[in-house]
file work.txt (compact mmCIF, C-alpha atoms and all ligand atoms)
# COMPACT_ATOMS: atom_id res chain seq x y z
CA MET A 1 0.00 0.00 0.00
CA ARG A 2 2.79 2.38 0.88
CA ARG A 3 4.59 1.37 -2.32
CA TYR A 4 1.47 2.17 -4.29
CA PHE A 5 1.37 5.74 -3.10
CA LEU A 6 5.11 6.13 -3.49
CA ASP A 7 4.77 5.08 -7.14
CA ALA A 8 1.80 7.38 -7.74
CA GLY A 9 3.68 10.17 -5.98
CA ALA A 10 6.80 9.68 -8.09
CA LEU A 11 4.69 9.79 -11.26
CA ALA A 12 2.74 12.89 -10.20
CA ARG A 13 5.96 14.65 -9.21
CA LYS A 14 7.39 13.82 -12.62
CA ASP A 15 4.35 15.42 -14.31
CA LEU A 16 4.74 18.59 -12.28
CA LEU A 17 8.44 18.69 -13.13
CA LEU A 18 7.64 18.24 -16.83
CA GLU A 19 5.11 21.04 -16.66
CA LEU A 20 7.56 23.29 -14.86
CA ARG A 21 10.07 22.66 -17.59
CA ALA A 22 7.96 22.56 -20.74
CA ARG A 23 5.02 24.75 -19.65
CA ASP A 24 2.76 22.99 -22.09
CA THR A 25 -0.49 22.72 -20.24
CA LEU A 26 -1.09 25.15 -17.39
CA PRO A 27 -0.50 28.41 -19.31
CA ALA A 28 -2.82 27.16 -22.05
CA MET A 29 -5.51 26.34 -19.50
CA LEU A 30 -5.15 29.70 -17.76
CA LEU A 31 -5.27 31.61 -20.99
CA PHE A 32 -8.27 29.65 -22.16
CA ILE A 33 -10.38 30.04 -19.04
CA VAL A 34 -9.65 33.76 -18.77
CA ALA A 35 -10.36 34.25 -22.48
CA VAL A 36 -13.67 32.41 -22.16
CA LEU A 37 -14.71 34.60 -19.24
CA VAL A 38 -13.81 37.73 -21.17
CA VAL A 39 -15.82 36.57 -24.18
CA PHE A 40 -18.78 35.73 -21.96
CA HIS A 41 -18.52 39.14 -20.39
CA PHE A 42 -19.21 40.73 -23.76
CA ALA A 43 -21.52 38.05 -25.08
CA LEU A 44 -23.95 38.16 -22.17
CA PRO A 45 -26.55 40.93 -22.16
CA THR A 46 -25.85 43.44 -19.41
CA ASN A 47 -28.95 42.46 -17.50
CA ALA A 48 -28.16 38.73 -17.63
CA SER A 49 -29.22 36.79 -14.56
CA ALA A 50 -26.85 35.13 -12.10
CA HIS A 51 -28.35 31.89 -13.37
CA ALA A 52 -27.05 32.41 -16.86
CA SER A 53 -23.60 33.52 -15.81
CA LEU A 54 -23.15 30.66 -13.34
CA GLY A 55 -24.15 28.23 -16.07
CA LEU A 56 -21.47 29.71 -18.26
CA LEU A 57 -18.91 29.35 -15.48
CA TRP A 58 -19.51 25.62 -15.60
CA VAL A 59 -19.09 25.56 -19.35
CA ALA A 60 -15.76 27.36 -18.95
CA ILE A 61 -14.56 24.93 -16.28
CA LEU A 62 -15.54 21.88 -18.29
CA PHE A 63 -13.81 22.94 -21.48
CA THR A 64 -10.73 24.11 -19.63
CA ALA A 65 -10.53 20.68 -18.05
CA LEU A 66 -10.94 19.10 -21.46
CA LEU A 67 -8.04 21.16 -22.75
CA GLY A 68 -5.83 19.95 -19.89
CA LEU A 69 -6.96 16.36 -20.30
CA GLY A 70 -6.24 16.43 -24.01
CA ARG A 71 -2.65 17.23 -23.18
CA SER A 72 -2.27 15.01 -20.17
CA PHE A 73 -0.65 12.08 -21.99
CA VAL A 74 1.28 14.07 -24.59
CA ALA A 75 4.63 13.39 -22.92
CA GLU A 76 3.88 9.67 -22.68
CA ARG A 77 2.80 9.45 -26.30
CA GLU A 78 6.27 10.45 -27.42
CA GLN A 79 9.01 7.87 -27.57
CA GLY A 80 6.79 5.08 -26.27
CA VAL A 81 6.96 6.12 -22.63
CA LEU A 82 3.50 4.77 -21.88
CA ASP A 83 4.81 1.28 -22.69
CA GLY A 84 7.68 1.85 -20.32
CA LEU A 85 5.32 2.76 -17.49
CA VAL A 86 2.95 -0.10 -18.24
CA LEU A 87 5.84 -2.57 -18.07
CA ALA A 88 6.95 -1.43 -14.63
CA PRO A 89 5.96 -3.79 -11.82
CA SER A 90 3.90 -1.19 -9.98
CA ASP A 91 0.14 -1.58 -10.05
CA ARG A 92 -0.97 0.00 -13.31
CA SER A 93 -3.66 2.03 -11.64
CA ALA A 94 -0.86 3.95 -9.91
CA ILE A 95 -0.17 5.50 -13.31
CA TRP A 96 -3.77 6.69 -13.31
CA VAL A 97 -3.57 8.01 -9.75
CA GLY A 98 -0.40 9.95 -10.55
CA LYS A 99 -1.95 11.47 -13.64
CA VAL A 100 -5.21 12.36 -11.88
CA VAL A 101 -3.29 14.15 -9.14
CA ALA A 102 -1.24 16.14 -11.64
CA THR A 103 -4.23 17.08 -13.83
CA LEU A 104 -6.23 18.00 -10.76
CA ALA A 105 -3.42 20.29 -9.63
CA PHE A 106 -3.44 22.13 -12.96
CA LEU A 107 -7.21 22.45 -12.97
CA VAL A 108 -7.29 23.78 -9.41
CA VAL A 109 -4.67 26.40 -10.26
CA ALA A 110 -6.69 27.50 -13.29
CA GLU A 111 -9.82 27.77 -11.15
CA ALA A 112 -7.97 29.64 -8.44
CA VAL A 113 -7.51 32.36 -11.04
CA ALA A 114 -10.86 31.99 -12.77
CA LEU A 115 -13.20 31.96 -9.78
CA PRO A 116 -12.09 35.30 -8.33
CA ALA A 117 -12.16 36.79 -11.83
CA PHE A 118 -15.67 35.45 -12.27
CA ALA A 119 -16.76 36.92 -8.95
CA LEU A 120 -15.29 40.26 -9.99
CA PHE A 121 -16.91 40.51 -13.41
CA PHE A 122 -20.12 38.56 -13.07
CA THR A 123 -21.72 37.58 -9.82
CA SER A 124 -20.56 36.55 -6.38
CA ILE A 125 -19.75 32.92 -5.63
CA ASP A 126 -20.92 31.16 -2.51
CA GLY A 127 -19.43 28.28 -0.55
CA ALA A 128 -21.76 25.77 -2.18
CA THR A 129 -20.43 26.67 -5.62
CA ILE A 130 -16.84 26.23 -4.45
CA ALA A 131 -17.70 22.89 -2.89
CA GLY A 132 -19.43 21.92 -6.12
CA VAL A 133 -16.40 22.89 -8.19
CA ALA A 134 -14.10 20.91 -5.90
CA LEU A 135 -16.26 17.80 -6.13
CA ALA A 136 -16.70 18.20 -9.87
CA ASP A 137 -12.93 18.49 -10.34
CA ILE A 138 -12.41 15.06 -8.84
CA GLY A 139 -14.97 13.43 -11.09
CA ILE A 140 -13.75 15.27 -14.18
CA CYS A 141 -10.13 14.27 -13.64
CA ALA A 142 -10.92 10.67 -12.67
CA VAL A 143 -13.06 9.97 -15.73
CA GLY A 144 -11.12 12.21 -18.08
CA THR A 145 -7.76 10.61 -17.33
CA VAL A 146 -8.96 7.14 -18.29
CA LEU A 147 -10.44 8.48 -21.50
CA ALA A 148 -7.28 10.47 -22.22
CA ALA A 149 -5.20 7.31 -21.79
CA MET A 150 -7.57 5.50 -24.11
CA ALA A 151 -7.24 8.24 -26.67
CA ALA A 152 -3.45 8.29 -26.32
CA ALA A 153 -3.26 4.56 -27.00
CA GLY A 154 -5.58 4.67 -30.00
CA ARG A 155 -5.62 6.62 -33.20
CA ALA A 156 -8.54 9.05 -33.49
CA ARG A 157 -7.23 10.69 -30.35
CA GLU A 158 -8.22 14.30 -30.97
CA LEU A 159 -11.78 13.21 -31.55
CA LEU A 160 -12.12 10.38 -29.09
CA LEU A 161 -11.59 12.32 -25.88
CA PRO A 162 -14.32 14.98 -26.27
CA LEU A 163 -16.64 12.44 -27.85
CA LEU A 164 -16.49 10.14 -24.83
CA PHE A 165 -15.89 12.74 -22.18
CA LEU A 166 -18.72 15.20 -22.76
CA PRO A 167 -21.61 12.72 -22.36
CA LEU A 168 -20.04 11.37 -19.19
CA ALA A 169 -19.57 14.90 -17.89
CA ILE A 170 -23.23 15.89 -18.26
CA PRO A 171 -24.12 14.66 -14.75
CA ILE A 172 -21.28 16.80 -13.45
CA VAL A 173 -22.72 19.87 -15.14
CA VAL A 174 -26.18 19.08 -13.80
CA GLY A 175 -24.83 18.61 -10.28
CA GLY A 176 -22.53 21.60 -10.53
CA VAL A 177 -25.11 24.06 -11.80
CA GLY A 178 -27.56 22.71 -9.27
CA SER A 179 -25.16 23.26 -6.39
CA SER A 180 -24.57 26.85 -7.52
CA LEU A 181 -28.18 27.78 -8.04
CA ALA A 182 -30.63 25.60 -6.20
CA ALA A 183 -31.86 26.65 -2.80
CA SER A 184 -31.08 23.21 -1.43
CA SER A 185 -27.61 22.78 -2.80
CA GLY A 186 -26.88 19.92 -0.40
CA LYS A 187 -28.81 17.52 -2.59
CA TYR A 188 -26.70 18.39 -5.63
CA LEU A 189 -23.44 18.22 -3.70
CA ALA A 190 -24.41 14.78 -2.49
CA PHE A 191 -25.14 13.83 -6.09
CA LEU A 192 -21.69 15.04 -7.16
CA ALA A 193 -20.06 13.13 -4.32
CA LEU A 194 -21.92 10.00 -5.37
CA TYR A 195 -20.82 10.50 -8.98
CA ASP A 196 -17.23 10.87 -7.79
CA ALA A 197 -17.38 7.73 -5.66
CA ILE A 198 -18.78 5.61 -8.48
CA PHE A 199 -16.61 6.95 -11.27
CA VAL A 200 -13.39 7.01 -9.27
CA LEU A 201 -13.91 3.31 -8.62
CA VAL A 202 -14.87 2.50 -12.21
CA ALA A 203 -12.01 4.52 -13.66
CA TRP A 204 -9.49 3.07 -11.23
CA ALA A 205 -10.52 -0.46 -12.11
CA ALA A 206 -10.80 0.17 -15.85
CA PHE A 207 -7.39 1.77 -16.33
CA GLU A 208 -5.48 -1.51 -16.45
CA TYR A 209 -7.58 -2.67 -19.42
CA VAL A 210 -7.28 0.60 -21.25
CA VAL A 211 -3.49 0.42 -21.46
CA THR A 212 -3.10 -3.19 -22.61
CA GLU A 213 -4.21 -4.13 -26.09
CA MET B 1 13.25 -24.88 -17.06
CA THR B 2 11.27 -23.11 -19.78
CA MET B 3 11.10 -19.35 -19.61
CA ILE B 4 8.83 -18.78 -22.62
CA ARG B 5 6.55 -21.35 -24.20
CA ALA B 6 4.66 -20.37 -27.35
CA ARG B 7 2.16 -22.57 -29.18
CA GLY B 8 0.49 -21.20 -32.27
CA VAL B 9 0.82 -17.65 -31.01
CA ALA B 10 -0.57 -15.15 -33.51
CA ARG B 11 -1.67 -11.55 -33.42
CA SER B 12 -3.85 -9.48 -35.70
CA PHE B 13 -4.82 -5.82 -35.67
CA GLY B 14 -8.31 -5.69 -37.12
CA ASP B 15 -8.07 -7.96 -40.14
CA LYS B 16 -4.37 -7.27 -40.58
CA ARG B 17 -2.20 -10.21 -39.55
CA ALA B 18 0.84 -8.84 -37.73
CA LEU B 19 2.26 -12.19 -36.63
CA GLU B 20 1.64 -15.57 -38.24
CA PRO B 21 1.31 -18.44 -35.76
CA VAL B 22 4.66 -19.36 -34.20
CA ASP B 23 5.79 -22.16 -31.89
CA PHE B 24 8.94 -22.07 -29.82
CA ASP B 25 10.41 -22.75 -26.41
CA LEU B 26 12.95 -20.52 -24.81
CA GLU B 27 14.81 -22.27 -22.02
CA SER B 28 16.00 -20.37 -19.00
CA ARG B 29 19.50 -19.00 -19.77
CA GLY B 30 18.80 -19.49 -23.45
CA PHE B 31 19.45 -16.88 -26.12
CA LEU B 32 16.89 -16.90 -28.90
CA VAL B 33 17.51 -14.69 -31.91
CA VAL B 34 14.44 -13.68 -33.91
CA THR B 35 15.06 -12.74 -37.53
CA GLY B 36 12.88 -11.81 -40.48
CA PRO B 37 12.31 -9.05 -43.00
CA ASN B 38 10.66 -5.72 -42.14
CA GLY B 39 7.05 -6.20 -41.20
CA SER B 40 7.39 -9.92 -40.49
CA GLY B 41 6.20 -9.51 -36.91
CA LYS B 42 9.38 -9.46 -34.81
CA THR B 43 8.36 -6.45 -32.79
CA THR B 44 4.86 -7.83 -32.43
CA LEU B 45 6.24 -11.11 -31.06
CA LEU B 46 8.51 -9.30 -28.61
CA ARG B 47 5.69 -7.04 -27.43
CA LEU B 48 3.54 -10.12 -26.87
CA CYS B 49 6.26 -11.74 -24.78
CA ALA B 50 6.79 -8.54 -22.80
CA GLY B 51 3.07 -8.46 -21.96
CA LEU B 52 2.32 -5.27 -23.90
CA LEU B 53 0.03 -7.11 -26.29
CA ILE B 54 -2.37 -10.00 -25.87
CA PRO B 55 -2.30 -12.76 -28.53
CA THR B 56 -5.39 -13.08 -30.70
CA SER B 57 -4.90 -16.84 -30.76
CA GLY B 58 -2.55 -19.49 -29.41
CA GLU B 59 -0.98 -20.06 -26.03
CA LEU B 60 1.82 -17.99 -24.62
CA GLU B 61 3.36 -18.64 -21.23
CA VAL B 62 6.08 -16.37 -19.93
CA ASP B 63 7.57 -17.51 -16.68
CA ALA B 64 8.86 -14.16 -15.44
CA GLU B 65 7.14 -11.56 -13.30
CA ARG B 66 6.55 -8.14 -14.77
CA GLY B 67 9.37 -6.61 -12.75
CA GLN B 68 11.78 -9.26 -13.98
CA VAL B 69 11.49 -8.38 -17.65
CA GLY B 70 13.78 -5.88 -19.31
CA TYR B 71 12.34 -4.62 -22.59
CA LEU B 72 14.23 -2.62 -25.18
CA ALA B 73 11.89 -1.21 -27.82
CA HIS B 74 12.39 0.61 -31.11
CA GLU B 75 11.66 3.75 -29.18
CA PRO B 76 13.72 4.68 -26.13
CA LEU B 77 10.76 4.84 -23.70
CA VAL B 78 12.09 7.96 -21.98
CA TYR B 79 10.72 11.47 -21.46
CA ARG B 80 12.24 14.07 -23.76
CA GLU B 81 11.98 16.86 -21.23
CA LEU B 82 13.76 14.94 -18.50
CA THR B 83 17.48 14.30 -18.26
CA ALA B 84 19.01 10.84 -18.46
CA ILE B 85 19.40 10.77 -14.68
CA GLU B 86 15.82 11.89 -14.05
CA ASN B 87 14.43 9.32 -16.45
CA LEU B 88 16.42 6.47 -14.95
CA ASP B 89 15.63 7.65 -11.46
CA LEU B 90 11.90 7.50 -12.18
CA TYR B 91 12.18 3.99 -13.60
CA GLY B 92 14.47 3.00 -10.75
CA ARG B 93 11.76 4.00 -8.29
CA LEU B 94 9.03 2.19 -10.18
CA TYR B 95 11.18 -0.95 -10.47
CA ARG B 96 12.25 -0.65 -6.82
CA VAL B 97 15.93 -0.81 -7.71
CA ALA B 98 18.11 -1.15 -4.64
CA GLU B 99 20.92 1.39 -4.40
CA ARG B 100 19.39 3.26 -7.30
CA ARG B 101 21.90 6.07 -7.54
CA GLU B 102 24.94 3.82 -7.67
CA ARG B 103 23.36 1.52 -10.22
CA ILE B 104 22.32 4.43 -12.46
CA GLY B 105 25.75 6.02 -12.24
CA MET B 106 27.43 2.73 -13.03
CA LEU B 107 25.26 2.10 -16.11
CA LEU B 108 25.60 5.64 -17.47
CA GLU B 109 29.33 5.40 -17.00
CA ARG B 110 29.50 2.05 -18.72
CA PHE B 111 27.49 3.19 -21.73
CA GLY B 112 29.44 6.41 -22.10
CA LEU B 113 26.60 8.74 -21.14
CA TRP B 114 27.98 10.08 -17.87
CA GLU B 115 29.07 13.38 -19.42
CA ALA B 116 25.61 13.89 -20.90
CA ARG B 117 23.74 12.74 -17.79
CA SER B 118 22.20 16.14 -17.05
CA GLU B 119 21.09 16.97 -20.57
CA ARG B 120 17.48 16.65 -21.61
CA THR B 121 17.14 13.46 -23.61
CA GLY B 122 15.32 15.47 -26.27
CA SER B 123 18.71 16.80 -27.27
CA TYR B 124 20.31 13.35 -27.49
CA SER B 125 21.44 11.84 -30.78
CA ARG B 126 19.82 8.60 -31.97
CA GLY B 127 22.78 6.53 -30.82
CA MET B 128 22.84 8.19 -27.42
CA LEU B 129 19.13 7.50 -27.03
CA GLN B 130 19.73 3.85 -27.87
CA ARG B 131 22.46 3.69 -25.24
CA LEU B 132 20.12 5.24 -22.71
CA ALA B 133 17.38 2.80 -23.72
CA LEU B 134 19.81 -0.04 -23.02
CA CYS B 135 20.57 1.42 -19.57
CA ARG B 136 16.83 1.59 -18.96
CA ALA B 137 16.28 -2.02 -19.97
CA LEU B 138 19.16 -3.26 -17.80
CA LEU B 139 18.50 -0.97 -14.85
CA HIS B 140 16.65 -3.46 -12.64
CA ASP B 141 18.92 -6.37 -13.59
CA PRO B 142 16.03 -8.40 -15.05
CA GLU B 143 15.98 -12.16 -15.50
CA LEU B 144 14.43 -12.02 -18.95
CA LEU B 145 15.78 -9.57 -21.49
CA ILE B 146 13.65 -8.81 -24.52
CA LEU B 147 15.66 -6.70 -26.91
CA ASP B 148 14.30 -5.34 -30.17
CA GLU B 149 17.24 -4.62 -32.48
CA PRO B 150 19.59 -3.65 -29.66
CA ALA B 151 22.37 -2.58 -32.03
CA ASN B 152 20.07 -0.12 -33.81
CA ALA B 153 21.77 3.28 -34.31
CA LEU B 154 24.85 2.26 -32.32
CA ASP B 155 28.32 3.05 -33.62
CA GLU B 156 31.05 0.45 -33.61
CA ALA B 157 32.13 1.34 -30.07
CA GLY B 158 28.54 1.14 -28.90
CA GLU B 159 28.07 -2.22 -30.51
CA THR B 160 31.19 -3.52 -28.82
CA LEU B 161 29.87 -2.27 -25.48
CA LEU B 162 26.58 -4.00 -26.11
CA GLU B 163 28.22 -7.28 -27.02
CA ARG B 164 30.41 -7.16 -23.94
CA GLU B 165 27.30 -6.63 -21.84
CA LEU B 166 25.48 -9.52 -23.52
CA ASP B 167 28.51 -11.76 -23.07
CA GLU B 168 28.64 -10.95 -19.38
CA LEU B 169 24.96 -11.52 -18.75
CA ARG B 170 24.10 -14.49 -20.92
CA ARG B 171 25.23 -17.11 -18.41
CA GLU B 172 22.74 -15.96 -15.81
CA ARG B 173 20.00 -14.38 -17.88
CA THR B 174 17.55 -15.33 -20.60
CA PHE B 175 17.48 -13.44 -23.89
CA LEU B 176 14.95 -12.94 -26.63
CA VAL B 177 16.53 -10.71 -29.27
CA ALA B 178 15.23 -9.46 -32.60
CA SER B 179 17.95 -8.62 -35.04
CA HIS B 180 18.64 -7.67 -38.65
CA ALA B 181 22.30 -8.65 -38.36
CA PRO B 182 22.07 -12.05 -36.65
CA GLU B 183 25.65 -12.98 -37.64
CA ARG B 184 26.98 -10.69 -34.94
CA LEU B 185 24.94 -12.56 -32.36
CA ASP B 186 25.91 -16.02 -33.60
CA ARG B 187 28.36 -16.61 -30.80
CA PHE B 188 25.66 -15.99 -28.18
CA ALA B 189 22.67 -17.61 -29.84
CA THR B 190 21.34 -20.91 -28.52
CA GLY B 191 18.48 -20.87 -31.01
CA LYS B 192 17.03 -19.02 -33.96
CA LEU B 193 13.51 -18.21 -35.02
CA ALA B 194 12.95 -16.98 -38.56
CA LEU B 195 9.70 -15.13 -39.20
CA GLY B 196 8.05 -14.25 -42.50
N1 LIG C 1 -0.52 -1.37 -33.75
C1 LIG C 1 -0.61 -1.88 -35.00
N2 LIG C 1 -1.69 -1.67 -35.76
C2 LIG C 1 -1.80 -2.16 -37.00
N3 LIG C 1 -0.85 -2.89 -37.60
C3 LIG C 1 0.26 -3.15 -36.92
C4 LIG C 1 0.44 -2.66 -35.58
N4 LIG C 1 1.66 -3.08 -35.15
C5 LIG C 1 2.20 -3.77 -36.17
N5 LIG C 1 1.36 -3.83 -37.22
C6 LIG C 1 1.61 -4.51 -38.50
O1 LIG C 1 2.10 -5.79 -38.23
C7 LIG C 1 3.14 -6.14 -39.13
C8 LIG C 1 4.35 -6.58 -38.34
O2 LIG C 1 4.89 -5.47 -37.67
P1 LIG C 1 6.17 -5.58 -36.74
O3 LIG C 1 6.45 -4.20 -36.22
O4 LIG C 1 5.97 -6.64 -35.75
O5 LIG C 1 7.31 -6.02 -37.79
P2 LIG C 1 8.88 -6.13 -37.57
O6 LIG C 1 9.27 -7.52 -37.98
O7 LIG C 1 9.25 -5.73 -36.20
O8 LIG C 1 9.44 -5.09 -38.63
P3 LIG C 1 10.80 -4.24 -38.59
O9 LIG C 1 11.88 -5.13 -39.06
O10 LIG C 1 10.53 -3.13 -39.57
O11 LIG C 1 11.00 -3.75 -37.20
C9 LIG C 1 3.38 -4.94 -40.00
O12 LIG C 1 2.79 -5.19 -41.26
C10 LIG C 1 2.67 -3.82 -39.30
O13 LIG C 1 2.11 -2.94 -40.21
MG MG C 2 10.36 -4.23 -35.46
call {"tool": "encode", "arguments": {"input": "work.txt", "output": "structure tokens", "more": "lines below"}}
Ligand SMILES: Nc1ncnc2c1ncn2[C@@H]1O[C@H](COP(=O)(O)OP(=O)(O)OP(=O)(O)O)[C@@H](O)[C@H]1O
Ligand SMILES: [Mg+2]
result
Amino acid sequence: MRRYFLDAGALARKDLLLELRARDTLPAMLLFIVAVLVVFHFALPTNASAHASLGLLWVAILFTALLGLGRSFVAEREQGVLDGLVLAPSDRSAIWVGKVVATLAFLVVAEAVALPAFALFFTSIDGATIAGVALADIGICAVGTVLAAMAAAGRARELLLPLLFLPLAIPIVVGGVGSSLAASSGKYLAFLALYDAIFVLVAWAAFEYVVTE
Amino acid sequence: MTMIRARGVARSFGDKRALEPVDFDLESRGFLVVTGPNGSGKTTLLRLCAGLLIPTSGELEVDAERGQVGYLAHEPLVYRELTAIENLDLYGRLYRVAERRERIGMLLERFGLWEARSERTGSYSRGMLQRLALCRALLHDPELLILDEPANALDEAGETLLERELDELRRERTFLVASHAPERLDRFATGKLALG
């Protein structure tokens, strides 16, 4: 068990080091989410409701995550590294855990910039929304990482990820928007937590099969 | 003792046959050289034996745990943005190599990469990458070595290094090697398998 987390930790640390060095993903995510908010700012009518703008916040988060996920296995796709990791004796799901942690870190940083900007330009954000975003992040990264690995191993990769990811992310949007807007946000947060629990388990178990042909 | 036992092992991708059915036994401490023209399925066979692919038909038994296999691929299996040391250190952790630092230093030294140890591997030449890939495959001192054209891109000095390494290891280790120049491996080979 300790070994498992050491392996996942070593892999996540490697991803952060790669990002620090190559700066491939995080700047793109930051730029994207800020750009989307700016566009929304001008696209929305001035008297737009908080409902509409909070809905758009979730759109921005989802597509920013998709951008990060699309790049999450770029380094492994080159020079056959994914094979190298798959061959190592560690439990293969540790590769998934490491990648989820790294992707989650990037997404959280992007949101740490985007949420205050959103509050500044659109409407204030309450604790329930932040809790909803945090729960949604876990589900997004857990599911998205498996799909990204699948796409990295196969051919139609640019297409495969959004095609599979967006339908699976619809419950997250429903739960997320609900937690931001509904009077009883607890129900929606519980729904997000349930989604996370189920999909973390499914994704964790499925990863092994995704990386062996 | 048999390390690899293959009976009618074949692999297809869709309706494309990548490997026609093959039968062979590789004894422990044996050295099997796989030959064949381009596209005959050598890499496919090696990937099957390494556990990266699953056969579409036939029986394949490999009597080595995942951590006891050293696989050298066409590609070096290292991150471009990391240095040689960082790459080997990551693999050393994942393979739970004892005295990682010493072992990495020793291998880099032996394969003439010590000077370049702190350069990003993205800036390596093809031959240097192949040397690093060899270090990576040997890092955890595996029982079964699966080497896909190990002399690929190596200069004469590199090839001599490689052969010295093979000579040293072959008494205690098992080898499955794909090669386009099998003559150079004749003195090690205990068996040959011609594909295609
Ligand atoms: N992932 C794949 N998808 C589809 N076809 C594949 C795949 N991998 C290999 N093939 C096909 O299988 C055949 C055998 O390929 P393989 O790489 O095993 O040959 P090889 O003997 O190693 O060739 P070389 O000497 O060029 O290295 C080729 O025709 C190749 O196109
Ligand atoms: Mg080949």
call {"tool": "residues_near_ligand", "arguments": {"input": "work.txt", "ligand": "ligand LIG 1 (chain C)", "cutoff": "12 Å", "atoms": "only C-alpha atoms and all ligand atoms", "output": "VMD selection string"}}
result
(chain A and resid 153 to 155 212 to 213) or (chain B and resid 10 to 20 34 to 48 52 to 54 73 to 75 147 to 150 152 177 to 181 193 to 196)
call {"tool": "residues_around", "arguments": {"input": "work.txt", "residues": "region 33-46 of chain A", "least_positions_apart": "3", "cutoff": "7 Å", "atoms": "all atoms listed in the file", "output": "VMD selection string"}}
result
chain A and resid 29 to 30 60 64 114
call {"tool": "residues_around", "arguments": {"input": "work.txt", "residues": "Tyr209 (chain A)", "least_positions_apart": "5", "cutoff": "10 Å", "atoms": "all atoms listed in the file", "output": "list in words"}}
result
Arg92, Ser93, Val146 and Met150 of chain A
call {"tool": "residues_around", "arguments": {"input": "work.txt", "residues": "Leu176 (chain B)", "least_positions_apart": "5", "cutoff": "12 Å", "atoms": "all atoms listed in the file", "output": "number ranges by chain"}}
result
B: 3-4, 24-35, 42-43, 45-50, 62, 69-72, 143-150, 166, 170, 185, 188-193
call {"tool": "atom_distance", "arguments": {"input": "work.txt", "atom1": "CA of Pro27 (chain A)", "atom2": "CA of Ser124 (chain A)"}}
result
25.2 Å
call {"tool": "closest_atom_pairs", "arguments": {"input": "work.txt", "of": "chain A", "to": "chain B", "cutoff": "6 Å", "atoms": "only C-alpha atoms", "output": "tab-separated table"}}
result
residue	atom	partner	partner_atom	distance
A:Asp7	CA	B:Leu94	CA	6.0
A:Gln79	CA	B:Glu75	CA	5.2
A:Gly80	CA	B:Leu77	CA	4.7
A:Val81	CA	B:Leu77	CA	4.2
A:Gly84	CA	B:Leu77	CA	5.5
A:Ala88	CA	B:Tyr95	CA	6.0
A:Pro89	CA	B:Gly67	CA	4.5
A:Thr212	CA	B:Leu52	CA	5.9
A:Glu213	CA	B:Leu53	CA	5.2
call {"tool": "atom_distance", "arguments": {"input": "work.txt", "atom1": "CA of Arg5 (chain B)", "atom2": "CA of Glu61 (chain B)"}}
result
5.1 Å
call {"tool": "atom_distance", "arguments": {"input": "work.txt", "atom1": "CA of Ser125 (chain B)", "atom2": "CA of Ile95 (chain A)"}}
result
28.5 Å
call {"tool": "closest_residue", "arguments": {"input": "work.txt", "among": "A:Ile61, A:Leu66, A:Val101, A:Leu20", "to": "Leu160 (chain A)", "atoms": "only C-alpha atoms"}}
result
A:Leu66
call {"tool": "decode", "arguments": {"input": "work.txt", "residues": "region 138-145 of chain A", "atoms": "N, CA, C and O atoms", "output": "compact mmCIF listing (two decimals), in the first residue's frame"}}
result
# COMPACT_ATOMS: atom_id res chain seq x y z
N ILE A 138 -12.83 16.45 -9.08
CA ILE A 138 -12.41 15.06 -8.84
C ILE A 138 -13.01 14.13 -9.89
O ILE A 138 -12.31 13.34 -10.52
N GLY A 139 -14.31 14.28 -10.10
CA GLY A 139 -14.97 13.43 -11.09
C GLY A 139 -14.43 13.66 -12.49
O GLY A 139 -14.16 12.71 -13.23
N ILE A 140 -14.25 14.93 -12.84
CA ILE A 140 -13.75 15.27 -14.18
C ILE A 140 -12.39 14.64 -14.41
O ILE A 140 -12.14 14.01 -15.45
N CYS A 141 -11.49 14.78 -13.45
CA CYS A 141 -10.13 14.27 -13.64
C CYS A 141 -10.10 12.74 -13.61
O CYS A 141 -9.35 12.12 -14.36
N ALA A 142 -10.91 12.13 -12.75
CA ALA A 142 -10.92 10.67 -12.67
C ALA A 142 -11.38 10.06 -13.99
O ALA A 142 -10.70 9.20 -14.56
N VAL A 143 -12.52 10.52 -14.48
CA VAL A 143 -13.06 9.97 -15.73
C VAL A 143 -12.18 10.39 -16.91
O VAL A 143 -11.80 9.58 -17.75
N GLY A 144 -11.85 11.67 -16.93
CA GLY A 144 -11.12 12.21 -18.08
C GLY A 144 -9.77 11.55 -18.27
O GLY A 144 -9.33 11.35 -19.41
N THR A 145 -9.09 11.20 -17.19
CA THR A 145 -7.76 10.61 -17.33
C THR A 145 -7.82 9.24 -17.98
O THR A 145 -6.97 8.90 -18.81
